[in-house]
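First up is the structure itself, then whatever we jot down about it.
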Amino acid sequence: MADSDVLRAPHVLDYPYKRSVGPVIGAFLTGLRDGRILGVTGSGGQVVVPPAEYDPITGQDTGEMVEVGPGGVVTTWSWAASPYPDQPLDRPFAWALVRLDGADTALLHVVDARRPEAMSSGMRVTARFLPAEQRVGHIKDIECFVPEAVS
Amino acid sequence: MSGTNGDGTPSAAEAGPVTVLETPIHIDYQFTAGLAQSRFLKGISEGRFLGQRCPKCHKVYVPPRGSCPTDGVATTDEVELANTGTVTTYCVVNVPFQGQSIEIPYICAQVLLDGANIAFMGLIQEVPTAEVRMGMRVEAVWVDKSELGPNLRSVKYFRPSGEPDAPYESFEEYL
């Protein structure tokens, strides 16, 4: 039997998952729908963004939700030169960890910087939200972050 | 949090808090069957079960994977198996799920084809679910010749063959 006799076929898997988000992530997503970014106060008073139900270090319950951003600082980043079809932007962009003003942890998102030379750790960025009628309560309600100077 | 946002859209208090997140997953594979399974699938498209025998332990595997999982040697000796077999274990499916194409309740069984040393998964039909049992003798029912293809939809299901049940000892090794 020759290699050319080996059968091949497309095999597509689709999982239509829905997740219950719980009270804390739910509040975060509801905030995004309203055009606001919410964090939560950890047991040591630090502000965790995105918020979690339990303090990531002590495991204790987290406290009050607090609004952060929309501006922040890029702590680290990686350039995506050739975006895949389902990635957030259809042009080259940076994956970045953004520590929002008022937060003590960084949020993973994208920066629409056009070219890698425009990126640097420590640079200021600000969230660009989708128009209100397009927001659904999803992390993609933040279309991207943009360098603060050109926002 | 009440009334409207600055741009006039309803606030969370009006639209209700977000409680569910849709996270669909789409995975686009190209499946390559390999030599042994391609032979098996071509047999299926001819209405035959083709297995392979281990040259060392002489066990017959169906569908064949091209090697013996016990001895780790290639299984090149092709064996055609019977259209009949024995139900070793089975389960009655009573729970509906998305994408289900068969009316519940239905039976999914492990069938030890005569001549094979490993059970083969299939549906059991043309018999009330309560009458299916371990040791029941069954035969494969294939789709019409014109609809045969290199996939397991070609085997519609198994149905009782009418033979007396196989003794437990004859299949206990395969449970």
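Starting from 1 in every chain, residues are counted up; chains themselves are A, B, ... following the order of the structure tokens, and ligands are numbered from 1 as listed.
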
Write out as a tab-separated table the residues of chain B that have any atom within 8 Å of an atom of chain A, one row each with the nearest atom pair and its distance in Å to one decimal, counting only C-alpha atoms, sorted by chain and then rising number.
residue	atom	partner	partner_atom	distance
B:Asn5	CA	A:Asp34	CA	7.0
B:Asp7	CA	A:Ala132	CA	7.6
B:Thr9	CA	A:Ala132	CA	6.7
B:Ser11	CA	A:Asp34	CA	6.2
B:Ala12	CA	A:Thr30	CA	6.2
B:Pro17	CA	A:Thr30	CA	5.6
B:Val18	CA	A:Gly26	CA	5.1
B:Thr19	CA	A:Gly26	CA	5.4
B:Val20	CA	A:Ser20	CA	4.6
B:Leu21	CA	A:Arg19	CA	5.1
B:Glu22	CA	A:Lys18	CA	4.4
B:Thr23	CA	A:Tyr17	CA	5.3
B:Pro24	CA	A:Pro16	CA	4.5
B:Ile25	CA	A:Tyr15	CA	5.0
B:His26	CA	A:Asp14	CA	4.6
B:Ile27	CA	A:Leu13	CA	5.0
B:Asp28	CA	A:Val12	CA	4.7
B:Tyr29	CA	A:His11	CA	4.9
B:Gln30	CA	A:Pro10	CA	4.5
B:Phe31	CA	A:Ala9	CA	5.3
B:Thr32	CA	A:Arg8	CA	4.5
B:Ala33	CA	A:Leu7	CA	5.5
B:Gly34	CA	A:Val6	CA	5.6
B:Leu35	CA	A:Val6	CA	5.6
B:Ser38	CA	A:Val6	CA	5.5

**Secondary structure check, helix (DSSP H, G or I) residues of range 16-126 of chain B, as a list in words** =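 Matching residues for helix (DSSP H, G or I) in range 16-126 of chain B are Gly34, Leu35, Ala36, Gln37, Ser38, Arg39, Phe40, Leu41, Lys42, Gly43 and Ile44 of chain B.
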
Keeping only N, CA and C atoms, write the selected residues to a file as a PDB file, in the first residue's frame.
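Listed below is the output, result_39.pdb:
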ATOM      1  N   GLY B  34      -3.523   7.322   8.342  1.00  0.00           N
ATOM      2  CA  GLY B  34      -2.383   6.400   8.410  1.00  0.00           C
ATOM      3  C   GLY B  34      -2.664   5.150   7.589  1.00  0.00           C
ATOM      4  N   LEU B  35      -1.636   4.325   7.379  1.00  0.00           N
ATOM      5  CA  LEU B  35      -1.757   3.160   6.489  1.00  0.00           C
ATOM      6  C   LEU B  35      -2.770   2.145   7.000  1.00  0.00           C
ATOM      7  N   ALA B  36      -2.669   1.761   8.278  1.00  0.00           N
ATOM      8  CA  ALA B  36      -3.513   0.682   8.797  1.00  0.00           C
ATOM      9  C   ALA B  36      -4.986   1.098   8.820  1.00  0.00           C
ATOM     10  N   GLN B  37      -5.249   2.285   9.332  1.00  0.00           N
ATOM     11  CA  GLN B  37      -6.653   2.717   9.389  1.00  0.00           C
ATOM     12  C   GLN B  37      -7.206   3.008   8.004  1.00  0.00           C
ATOM     13  N   SER B  38      -6.339   3.420   7.077  1.00  0.00           N
ATOM     14  CA  SER B  38      -6.824   3.640   5.705  1.00  0.00           C
ATOM     15  C   SER B  38      -7.272   2.322   5.087  1.00  0.00           C
ATOM     16  N   ARG B  39      -6.491   1.242   5.360  1.00  0.00           N
ATOM     17  CA  ARG B  39      -6.894  -0.084   4.876  1.00  0.00           C
ATOM     18  C   ARG B  39      -8.243  -0.469   5.492  1.00  0.00           C
ATOM     19  N   PHE B  40      -8.365  -0.231   6.790  1.00  0.00           N
ATOM     20  CA  PHE B  40      -9.607  -0.552   7.495  1.00  0.00           C
ATOM     21  C   PHE B  40     -10.783   0.216   6.887  1.00  0.00           C
ATOM     22  N   LEU B  41     -10.587   1.520   6.672  1.00  0.00           N
ATOM     23  CA  LEU B  41     -11.687   2.354   6.163  1.00  0.00           C
ATOM     24  C   LEU B  41     -12.051   1.977   4.732  1.00  0.00           C
ATOM     25  N   LYS B  42     -11.052   1.553   3.950  1.00  0.00           N
ATOM     26  CA  LYS B  42     -11.374   1.094   2.595  1.00  0.00           C
ATOM     27  C   LYS B  42     -12.184  -0.193   2.661  1.00  0.00           C
ATOM     28  N   GLY B  43     -11.846  -1.062   3.628  1.00  0.00           N
ATOM     29  CA  GLY B  43     -12.647  -2.271   3.851  1.00  0.00           C
ATOM     30  C   GLY B  43     -14.073  -1.905   4.218  1.00  0.00           C
ATOM     31  N   ILE B  44     -14.228  -0.928   5.103  1.00  0.00           N
ATOM     32  CA  ILE B  44     -15.562  -0.470   5.510  1.00  0.00           C
ATOM     33  C   ILE B  44     -16.351   0.003   4.293  1.00  0.00           C
TER      34      ILE B  44
END

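Across the model, the gap from CA of Ala82 in chain B to CA of Val132 in chain B is 20.5 Å.
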
**Fill in**
Residue with the minimum atom-to-atom distance to Gly122 in chain A, picked from A:Gly45, A:Gly63, A:Pro92, A:Pro147 with only C-alpha atoms counted, is A:Pro147

**Request:** Could you jot down the CA of Ile118 in chain B to CA of Val93 in chain B separation for me, Å, one decimal place?
**Result:** 22.4 Å

**Message:** Ranking A:Val125, A:Val68, A:Val40, A:Leu108 by minimum distance to Pro56 in chain A and counting only C-alpha atoms, which one comes first?
**Reply:**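 Of A:Val125, A:Val68, A:Val40, A:Leu108, the one nearest Pro56 in chain A is A:Val40, counting only C-alpha atoms.
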
**DSSP-assigned strand (DSSP E) members of range 102-166 of chain B, reported as a PyMOL selection string** = chain B and resi 106-113+120-124+137-142+155-160

**Item:** Distance query Gly115 in chain B at most 9 Å, only C-alpha atoms, self and fewer than 4 positions along chain excluded, as a ChimeraX atom specification
**Value:** /B:60,79-82,85

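Using only C-alpha atoms, the protein and nucleic acid residues lying no more than 12 Å from Ala103 in chain A, apart from those fewer than 4 places from it along its own chain, are Ile37, Leu38, Gly39, Val40, Thr41, Gly42, Gly45, Gln46, Val47, Val48, Val49, Pro50, Pro51, Met65, Val66, Glu67, Val68, Gly69, Pro70, Gly71, Gly72, Val73, Val98, Arg99 and Leu107 of chain A.
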
Output N, CA and C atoms for every residue in the selection just made, as an mmCIF file, in the first residue's frame.
data_model
loop_
_atom_site.group_PDB
_atom_site.id
_atom_site.type_symbol
_atom_site.label_atom_id
_atom_site.label_comp_id
_atom_site.auth_asym_id
_atom_site.auth_seq_id
_atom_site.Cartn_x
_atom_site.Cartn_y
_atom_site.Cartn_z
ATOM 1 N N ILE A 37 -13.654 49.957 33.570
ATOM 2 C CA ILE A 37 -12.824 48.809 33.931
ATOM 3 C C ILE A 37 -12.794 48.714 35.452
ATOM 4 N N LEU A 38 -13.221 47.544 35.962
ATOM 5 C CA LEU A 38 -13.300 47.362 37.407
ATOM 6 C C LEU A 38 -12.273 46.347 37.888
ATOM 7 N N GLY A 39 -11.680 46.672 39.021
ATOM 8 C CA GLY A 39 -10.829 45.727 39.722
ATOM 9 C C GLY A 39 -11.465 45.394 41.054
ATOM 10 N N VAL A 40 -10.750 44.601 41.864
ATOM 11 C CA VAL A 40 -11.271 44.252 43.173
ATOM 12 C C VAL A 40 -10.138 44.391 44.188
ATOM 13 N N THR A 41 -10.527 44.748 45.400
ATOM 14 C CA THR A 41 -9.527 44.944 46.448
ATOM 15 C C THR A 41 -9.165 43.601 47.082
ATOM 16 N N GLY A 42 -7.872 43.302 47.069
ATOM 17 C CA GLY A 42 -7.405 42.049 47.664
ATOM 18 C C GLY A 42 -7.302 42.172 49.173
ATOM 19 N N GLY A 45 -5.183 44.902 50.524
ATOM 20 C CA GLY A 45 -5.481 46.252 50.064
ATOM 21 C C GLY A 45 -5.060 46.519 48.624
ATOM 22 N N GLN A 46 -4.345 45.578 48.015
ATOM 23 C CA GLN A 46 -3.937 45.782 46.620
ATOM 24 C C GLN A 46 -5.139 45.617 45.689
ATOM 25 N N VAL A 47 -5.081 46.236 44.510
ATOM 26 C CA VAL A 47 -6.202 46.166 43.571
ATOM 27 C C VAL A 47 -5.849 45.186 42.447
ATOM 28 N N VAL A 48 -6.695 44.180 42.293
ATOM 29 C CA VAL A 48 -6.446 43.090 41.349
ATOM 30 C C VAL A 48 -7.306 43.295 40.104
ATOM 31 N N VAL A 49 -6.665 43.344 38.934
ATOM 32 C CA VAL A 49 -7.375 43.516 37.661
ATOM 33 C C VAL A 49 -6.804 42.538 36.640
ATOM 34 N N PRO A 50 -7.600 41.714 35.969
ATOM 35 C CA PRO A 50 -9.033 41.550 36.172
ATOM 36 C C PRO A 50 -9.331 40.980 37.555
ATOM 37 N N PRO A 51 -10.500 41.283 38.091
ATOM 38 C CA PRO A 51 -10.797 40.892 39.460
ATOM 39 C C PRO A 51 -10.991 39.383 39.598
ATOM 40 N N MET A 65 -15.333 46.271 44.768
ATOM 41 C CA MET A 65 -14.941 46.538 43.386
ATOM 42 C C MET A 65 -14.542 48.011 43.296
ATOM 43 N N VAL A 66 -13.480 48.271 42.553
ATOM 44 C CA VAL A 66 -13.051 49.666 42.361
ATOM 45 C C VAL A 66 -12.781 49.913 40.887
ATOM 46 N N GLU A 67 -13.091 51.118 40.445
ATOM 47 C CA GLU A 67 -12.845 51.437 39.037
ATOM 48 C C GLU A 67 -11.378 51.809 38.846
ATOM 49 N N VAL A 68 -10.788 51.325 37.763
ATOM 50 C CA VAL A 68 -9.387 51.628 37.443
ATOM 51 C C VAL A 68 -9.314 52.131 35.997
ATOM 52 N N GLY A 69 -8.101 52.639 35.628
ATOM 53 C CA GLY A 69 -7.910 53.093 34.251
ATOM 54 C C GLY A 69 -8.741 54.317 33.934
ATOM 55 N N PRO A 70 -9.035 54.557 32.675
ATOM 56 C CA PRO A 70 -8.737 53.723 31.499
ATOM 57 C C PRO A 70 -7.278 53.803 31.039
ATOM 58 N N GLY A 71 -6.485 54.701 31.647
ATOM 59 C CA GLY A 71 -5.074 54.777 31.270
ATOM 60 C C GLY A 71 -4.261 53.795 32.089
ATOM 61 N N GLY A 72 -3.051 53.506 31.621
ATOM 62 C CA GLY A 72 -2.182 52.608 32.364
ATOM 63 C C GLY A 72 -0.814 52.543 31.733
ATOM 64 N N VAL A 73 -0.006 51.653 32.284
ATOM 65 C CA VAL A 73 1.390 51.523 31.864
ATOM 66 C C VAL A 73 1.634 50.116 31.334
ATOM 67 N N VAL A 98 -0.857 45.371 30.776
ATOM 68 C CA VAL A 98 -1.104 46.780 31.074
ATOM 69 C C VAL A 98 -1.505 46.909 32.541
ATOM 70 N N ARG A 99 -0.708 47.649 33.319
ATOM 71 C CA ARG A 99 -1.098 47.935 34.699
ATOM 72 C C ARG A 99 -1.877 49.243 34.688
ATOM 73 N N LEU A 107 -3.194 43.633 33.295
ATOM 74 C CA LEU A 107 -4.227 42.976 32.485
ATOM 75 C C LEU A 107 -3.625 42.666 31.104
#

**Asked** If you measure from CA of Trp95 in chain A to CA of Gln134 in chain A, what distance in Å do you get, rounded to one decimal?
**Response**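 Answer for the CA of Trp95 in chain A to CA of Gln134 in chain A separation: 22.7 Å.
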
Selection: 12 Å around Thr84 in chain B, only C-alpha atoms, excl. self and same-chain fewer than 3 positions, as an mmCIF file with N, CA and C atoms, in the first residue's frame:
data_model
loop_
_atom_site.group_PDB
_atom_site.id
_atom_site.type_symbol
_atom_site.label_atom_id
_atom_site.label_comp_id
_atom_site.auth_asym_id
_atom_site.auth_seq_id
_atom_site.Cartn_x
_atom_site.Cartn_y
_atom_site.Cartn_z
ATOM 1 N N ARG B 48 -16.819 -4.524 4.616
ATOM 2 C CA ARG B 48 -16.040 -5.576 5.288
ATOM 3 C C ARG B 48 -15.294 -4.976 6.479
ATOM 4 N N PHE B 49 -15.143 -5.802 7.521
ATOM 5 C CA PHE B 49 -14.316 -5.398 8.664
ATOM 6 C C PHE B 49 -12.922 -5.993 8.477
ATOM 7 N N GLU B 80 -9.643 -10.595 7.635
ATOM 8 C CA GLU B 80 -11.027 -10.159 7.485
ATOM 9 C C GLU B 80 -11.861 -10.812 8.572
ATOM 10 N N LEU B 81 -12.661 -9.972 9.225
ATOM 11 C CA LEU B 81 -13.449 -10.460 10.352
ATOM 12 C C LEU B 81 -14.881 -10.743 9.919
ATOM 13 N N VAL B 87 -22.019 -9.025 22.111
ATOM 14 C CA VAL B 87 -22.052 -7.825 22.951
ATOM 15 C C VAL B 87 -21.289 -8.136 24.232
ATOM 16 N N VAL B 111 -18.868 -4.480 20.828
ATOM 17 C CA VAL B 111 -19.149 -5.743 20.149
ATOM 18 C C VAL B 111 -17.815 -6.412 19.813
ATOM 19 N N LEU B 112 -17.646 -7.635 20.301
ATOM 20 C CA LEU B 112 -16.444 -8.410 19.981
ATOM 21 C C LEU B 112 -16.731 -9.178 18.702
ATOM 22 N N LEU B 113 -16.221 -8.664 17.585
ATOM 23 C CA LEU B 113 -16.458 -9.333 16.303
ATOM 24 C C LEU B 113 -15.782 -10.698 16.324
ATOM 25 N N ASP B 114 -16.433 -11.678 15.721
ATOM 26 C CA ASP B 114 -15.852 -13.028 15.687
ATOM 27 C C ASP B 114 -14.505 -12.974 14.960
ATOM 28 N N GLY B 115 -13.485 -13.458 15.622
ATOM 29 C CA GLY B 115 -12.138 -13.440 15.044
ATOM 30 C C GLY B 115 -11.284 -12.305 15.562
ATOM 31 N N ALA B 116 -11.896 -11.348 16.293
ATOM 32 C CA ALA B 116 -11.141 -10.204 16.812
ATOM 33 C C ALA B 116 -10.780 -10.413 18.268
ATOM 34 N N ALA B 119 -12.835 -5.348 21.362
ATOM 35 C CA ALA B 119 -14.230 -5.030 21.045
ATOM 36 C C ALA B 119 -14.312 -3.753 20.197
ATOM 37 N N PHE B 120 -15.418 -3.636 19.493
ATOM 38 C CA PHE B 120 -15.641 -2.591 18.504
ATOM 39 C C PHE B 120 -16.924 -1.869 18.921
ATOM 40 N N MET B 136 -25.063 -11.268 24.207
ATOM 41 C CA MET B 136 -26.020 -11.347 23.093
ATOM 42 C C MET B 136 -25.259 -11.411 21.766
ATOM 43 N N ARG B 137 -25.711 -12.275 20.887
ATOM 44 C CA ARG B 137 -25.076 -12.400 19.570
ATOM 45 C C ARG B 137 -25.729 -11.403 18.614
ATOM 46 N N VAL B 138 -24.899 -10.681 17.874
ATOM 47 C CA VAL B 138 -25.412 -9.642 16.979
ATOM 48 C C VAL B 138 -24.729 -9.723 15.612
ATOM 49 N N GLU B 139 -25.356 -9.046 14.639
ATOM 50 C CA GLU B 139 -24.748 -8.949 13.307
ATOM 51 C C GLU B 139 -24.808 -7.500 12.841
ATOM 52 N N ALA B 140 -23.838 -7.123 12.039
ATOM 53 C CA ALA B 140 -23.770 -5.739 11.546
ATOM 54 C C ALA B 140 -24.795 -5.518 10.448
ATOM 55 N N VAL B 141 -25.433 -4.352 10.490
ATOM 56 C CA VAL B 141 -26.332 -3.931 9.411
ATOM 57 C C VAL B 141 -25.676 -2.731 8.736
ATOM 58 N N TYR B 157 -25.831 -0.117 12.316
ATOM 59 C CA TYR B 157 -25.946 -0.593 13.696
ATOM 60 C C TYR B 157 -25.751 -2.099 13.693
ATOM 61 N N PHE B 158 -25.810 -2.701 14.866
ATOM 62 C CA PHE B 158 -25.837 -4.161 14.995
ATOM 63 C C PHE B 158 -27.237 -4.550 15.457
ATOM 64 N N ARG B 159 -27.682 -5.743 15.068
ATOM 65 C CA ARG B 159 -28.984 -6.234 15.535
ATOM 66 C C ARG B 159 -28.821 -7.692 15.959
ATOM 67 N N PRO B 160 -29.758 -8.194 16.771
ATOM 68 C CA PRO B 160 -29.643 -9.586 17.210
ATOM 69 C C PRO B 160 -29.572 -10.521 16.003
ATOM 70 N N SER B 161 -28.658 -11.497 16.081
ATOM 71 C CA SER B 161 -28.507 -12.445 14.978
ATOM 72 C C SER B 161 -29.420 -13.645 15.158
ATOM 73 N N GLY B 162 -29.967 -13.805 16.367
ATOM 74 C CA GLY B 162 -30.864 -14.939 16.619
ATOM 75 C C GLY B 162 -30.141 -16.159 17.154
ATOM 76 N N GLU B 163 -28.798 -16.103 17.190
ATOM 77 C CA GLU B 163 -28.054 -17.246 17.741
ATOM 78 C C GLU B 163 -28.192 -17.266 19.264
ATOM 79 N N ALA B 166 -23.636 -16.065 23.786
ATOM 80 C CA ALA B 166 -22.291 -16.611 23.989
ATOM 81 C C ALA B 166 -22.064 -16.776 25.481
#

**Message:** Report as a list in words all protein, DNA and RNA residues lying within 10 Å of range 80-91 of chain A, evaluated on only C-alpha atoms, omitting residues in the same chain fewer than 2 positions from it.
**Reply:** Trp77, Ser78, Phe93, Ala94, Trp95, His109, Val110, Val111, Asp112, Ala113, Arg114, Arg115, Pro116, Lys140, Ile142, Glu143 and Cys144 of chain A

Writer output for current selection, C-alpha atoms, as a CSV table (one decimal), in the first residue's frame:
chain,number,residue,atom,x,y,z
A,77,TRP,CA,4.9,43.2,25.6
A,78,SER,CA,5.4,41.0,22.6
A,93,PHE,CA,-0.1,44.6,17.1
A,94,ALA,CA,1.4,44.1,20.5
A,95,TRP,CA,0.2,41.7,23.1
A,109,HIS,CA,-4.7,42.9,26.2
A,110,VAL,CA,-3.5,44.3,22.9
A,111,VAL,CA,-1.9,47.6,21.9
A,112,ASP,CA,-2.6,49.0,18.5
A,113,ALA,CA,0.8,50.5,18.0
A,114,ARG,CA,1.2,49.9,14.2
A,115,ARG,CA,5.0,49.2,14.5
A,116,PRO,CA,7.2,47.6,17.2
A,140,LYS,CA,-13.3,42.5,23.6
A,142,ILE,CA,-12.1,47.0,25.0
A,143,GLU,CA,-11.2,47.1,21.3
A,144,CYS,CA,-7.6,47.6,22.1

**Message:** At a cut-off of 9 Å, using only C-alpha atoms, what residues contact Pro105 in chain B? Leave out same-chain residues fewer than 4 positions from it and give the result as a PyMOL selection string.
**Reply:** chain B and resi 92-96+129

Residues as selected, N, CA and C atoms, written as a CSV table (one decimal), in the first residue's frame, can you do that?
chain,number,residue,atom,x,y,z
B,92,VAL,N,-27.2,2.1,28.0
B,92,VAL,CA,-28.4,2.7,27.4
B,92,VAL,C,-28.3,4.2,27.6
B,93,VAL,N,-28.4,4.9,26.4
B,93,VAL,CA,-28.2,6.4,26.4
B,93,VAL,C,-29.6,7.0,26.6
B,94,ASN,N,-29.9,7.6,27.7
B,94,ASN,CA,-31.2,8.3,28.0
B,94,ASN,C,-31.1,9.8,28.0
B,95,VAL,N,-29.8,10.3,27.9
B,95,VAL,CA,-29.7,11.7,28.1
B,95,VAL,C,-29.5,12.4,26.8
B,96,PRO,N,-30.3,13.4,26.5
B,96,PRO,CA,-30.1,14.1,25.2
B,96,PRO,C,-28.9,15.1,25.3
B,129,THR,N,-34.7,-2.0,24.2
B,129,THR,CA,-33.4,-1.7,25.0
B,129,THR,C,-33.3,-2.7,26.2
